[in-house]
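Contents: one structure, followed by commentary.
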Amino acid sequence: MSALTKETSPVPAPQPVDKVPVRSGDRRGEGVVLNVFSHGFLAVWALLIVLPLLWLVLSSFKTDAQIGASAFGWPQHWSLDVFTRAWDKGIGDYFLNTVIVLVFSVPLTMLFGSMAAYVLARYQFWGNRLLYYFFVAGAMFPVFLALVPLFFMVKRLDMLNTYQGLILVYVAYSLPFTVFFMHAFFRTLPSAVFEAAILDGASHSRTFFQVMLPMAKPGLLSVGIFNTLGQWNQFILPTVLMQPQSGDDPERYVLTQGLIQLQQQQGYATDLPVLFAGVTIAMVPMLVVYLSFQRQVQAGLTSATLK
């Protein structure tokens with residue numbers, strides 16, 4: 001009986017195994033190593049970009065003898081005469097032609113691209129996804145494969161070596177990326193504003209231009225900068241489409257073509273400072289545009305993911 005009435009001692013519960021604490025010093029050390037690596041990589045990347053640009057600008061102020069003696073030497077005389085010579089040798093005309101084309105091509109690209117992206121993002125209809133993938137496929141299609149049919153198409157329209165021909169081609173060439181970018185941006189905009197405008201009696205066009213388009217300003221600015229940079233630096237399309245077709249046909253070369261023409265016209269009488277000055281003139285406007293709007297570009301790229 002004593003054995004039956006004897007209380008049984010409870011079985012002790014297993015004790016949880018204590019986790020090994022992570023030392024704050026280890027985390028701090030990993031963060032320092034990561035910061036050093038990332039900052040070092042960015043510093044090297046910046047040097048790879050800044051040094052060639054600096055070398056290019058400094059070479060514009062040298063003479064042929066100084067460039068041949070020491071490519072990395074410091075200019076002995078600072079004068080802007082070389083930029084005047086480059087401008088008079090045709091860079092001014094090439095610059096003007098490029099500006100004329102971009103003044104029309106970039107706004108038209110933004111207008112048509114944003115309208116197409118808005119419809120594809122906000123309205124559901126049969127073939128919506130098919131049209132969207134059609135635009136996306138255009139962004140992945142190499143332009144080199146379309147040069148021959150594009151040339152004959154523009155020729156049949158009698159638009160070779162014309163501003164309007166190159167403007168239309170630039171618009172068509174830039175539409176796929178614009179539609180792809182703005183489609184994702186329009187989908188992030190709140191639907192309540194769109195529905196409120198429709199309920200208030202606003203038409204679809206008024207809703208787009210007065211309500212939705214101003215809300216998409218960060219995305220428009222970002223993709224507009226990208227289109228400006230891409231069309232300003234375009235070479236293969238103007239080379240094919242902006243060639244004189246006869247002896248009486250004037251030359252309407254853009255900057256990328258003009259720099260090649262300037263180099264070929266020199267022949268054996270090389271004038272390297274003029275070439276460097278021409279490249280500097282072609283480069284500085286895009287640097288100013290990007291540096292002036294870099295914050296807006298970053299805001300436009302990140303706002304779609306933060307909404």
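Ligands are numbered from 1 in the order shown, residues from 1 within each chain, and chains are lettered A, B, ... in the order they appear in the structure tokens.
Residues surrounding region 283-290 of chain A within 12 Å are Val50, Leu53, Leu54, Leu56, Val57, Phe95, Thr98, Val99, Leu221, Ser222, Val223, Gly224, Ile225, Phe226, Asn227, Thr228, Leu229, Gly230, Gln231, Trp232, Asn233, Leu255, Thr256, Leu259, Phe276, Ala277, Gln296, Val297 and Gln298 of chain A [only C-alpha atoms; sequence separation below 6 positions excluded].
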>> Need to verify the contact set: region 140-144 of chain A, 10 Å, only C-alpha atoms, exclusion of same-chain residues closer than 4 positions in sequence. Can you return it as a PyMOL selection string?
In response: chain A and resi 135-136+148+150+173+176-177+236-237
Can those selected residues be exported to a file as a PDB file, in the first residue's frame so that it contains N, CA, C and O atoms?
ATOM      1  N   PHE A 135       3.400  45.688 -78.337  1.00  0.00           N
ATOM      2  CA  PHE A 135       4.311  46.801 -78.050  1.00  0.00           C
ATOM      3  C   PHE A 135       5.580  46.302 -77.356  1.00  0.00           C
ATOM      4  O   PHE A 135       6.687  46.760 -77.665  1.00  0.00           O
ATOM      5  N   VAL A 136       5.429  45.392 -76.407  1.00  0.00           N
ATOM      6  CA  VAL A 136       6.603  44.875 -75.700  1.00  0.00           C
ATOM      7  C   VAL A 136       7.532  44.146 -76.661  1.00  0.00           C
ATOM      8  O   VAL A 136       8.765  44.258 -76.574  1.00  0.00           O
ATOM      9  N   VAL A 148      16.289  47.456 -93.905  1.00  0.00           N
ATOM     10  CA  VAL A 148      16.001  47.386 -95.343  1.00  0.00           C
ATOM     11  C   VAL A 148      14.533  47.681 -95.629  1.00  0.00           C
ATOM     12  O   VAL A 148      14.216  48.557 -96.449  1.00  0.00           O
ATOM     13  N   LEU A 150      12.466  49.239 -93.751  1.00  0.00           N
ATOM     14  CA  LEU A 150      12.219  50.604 -93.295  1.00  0.00           C
ATOM     15  C   LEU A 150      12.690  51.620 -94.328  1.00  0.00           C
ATOM     16  O   LEU A 150      12.016  52.627 -94.584  1.00  0.00           O
ATOM     17  N   TYR A 173      10.108  54.112 -83.246  1.00  0.00           N
ATOM     18  CA  TYR A 173      11.185  53.373 -82.598  1.00  0.00           C
ATOM     19  C   TYR A 173      11.110  53.488 -81.077  1.00  0.00           C
ATOM     20  O   TYR A 173      11.454  52.541 -80.352  1.00  0.00           O
ATOM     21  N   PRO A 176       7.569  51.524 -78.189  1.00  0.00           N
ATOM     22  CA  PRO A 176       7.480  50.318 -77.359  1.00  0.00           C
ATOM     23  C   PRO A 176       7.961  50.517 -75.931  1.00  0.00           C
ATOM     24  O   PRO A 176       7.266  50.123 -74.977  1.00  0.00           O
ATOM     25  N   PHE A 177       9.126  51.118 -75.751  1.00  0.00           N
ATOM     26  CA  PHE A 177       9.627  51.344 -74.397  1.00  0.00           C
ATOM     27  C   PHE A 177       8.732  52.308 -73.634  1.00  0.00           C
ATOM     28  O   PHE A 177       8.483  52.119 -72.430  1.00  0.00           O
ATOM     29  N   ILE A 236      22.385  54.721 -86.165  1.00  0.00           N
ATOM     30  CA  ILE A 236      22.114  53.844 -87.298  1.00  0.00           C
ATOM     31  C   ILE A 236      20.905  54.315 -88.107  1.00  0.00           C
ATOM     32  O   ILE A 236      20.919  54.280 -89.349  1.00  0.00           O
ATOM     33  N   LEU A 237      19.853  54.800 -87.454  1.00  0.00           N
ATOM     34  CA  LEU A 237      18.666  55.245 -88.184  1.00  0.00           C
ATOM     35  C   LEU A 237      18.923  56.497 -89.027  1.00  0.00           C
ATOM     36  O   LEU A 237      18.573  56.509 -90.218  1.00  0.00           O
TER      37      LEU A 237
END
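With only C-alpha atoms as the atoms that count, the residue of A:Ala86, A:Ala184, A:Leu42, A:Leu157 with the shortest distance to Pro273 (chain A) is A:Ala86.
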>> Report as a PyMOL selection string all protein, DNA and RNA residues lying within 12 Å of Pro190 (chain A), evaluated on only C-alpha atoms, omitting residues in the same chain fewer than 3 positions from it.
In response: chain A and resi 122+185-187+193-197+211-212+215-216+304+307
Output the selection as a CSV table (one decimal), in the first residue's frame - C-alpha atoms for each residue.
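Below is the file again_22.csv, written as the result:
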chain,number,residue,atom,x,y,z
A,122,ARG,CA,-7.3,51.3,-67.6
A,185,PHE,CA,3.0,53.5,-64.1
A,186,PHE,CA,-0.7,54.1,-65.0
A,187,ARG,CA,-1.7,50.8,-63.3
A,193,VAL,CA,-9.7,59.5,-58.7
A,194,PHE,CA,-10.5,58.0,-62.2
A,195,GLU,CA,-13.9,56.8,-61.0
A,196,ALA,CA,-14.7,60.2,-59.4
A,197,ALA,CA,-13.9,62.0,-62.6
A,211,VAL,CA,-6.7,64.2,-64.2
A,212,MET,CA,-4.6,61.1,-65.0
A,215,MET,CA,-0.7,62.5,-61.8
A,216,ALA,CA,1.7,60.6,-64.1
A,304,ALA,CA,5.7,53.1,-59.2
A,307,LYS,CA,2.6,53.3,-54.4
> Contacts of Gln261 (chain A) at 12 Å or less, counting only C-alpha atoms, minus same-chain residues fewer than 6 places along, as a count of residues only?
Replying inline: 14
>> I need the residues in region 28-152 of chain A that are helix (DSSP H, G or I) according to DSSP; give them as a PyMOL selection string.
In response: chain A and resi 28-60+64-69+81-122+128-140+143-152
> Between A:Ala65, A:Leu241, A:Leu96, A:Val32, which has the minimum distance to Thr270 (chain A) (counting only C-alpha atoms)?
Replying inline: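 With only C-alpha atoms as the atom set, the closest residue is A:Ala65.
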> So which one's closest to Lys217 (chain A), A:Val171, A:Leu199, A:Met110, A:Ile260? Using only C-alpha atoms, please.
Replying inline: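 Counting only C-alpha atoms, the residue closest to Lys217 (chain A) is A:Met110.
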> At what distance in Å, to one decimal, does CA of Asp64 (chain A) lie from CA of Asp271 (chain A)?
Replying inline: 6.7 Å
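Comparing the minimum interatomic distances between Pro218 (chain A) and each of A:Pro250, A:Met182, A:Phe235, A:Thr280, counting only C-alpha atoms, we find that A:Met182 sits nearest.
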> If you count only C-alpha atoms, which residues fall within 9 Å of Leu58 (chain A), apart from same-chain ones fewer than 6 positions away, as a ChimeraX atom specification?
Replying inline: /A:72-75,276
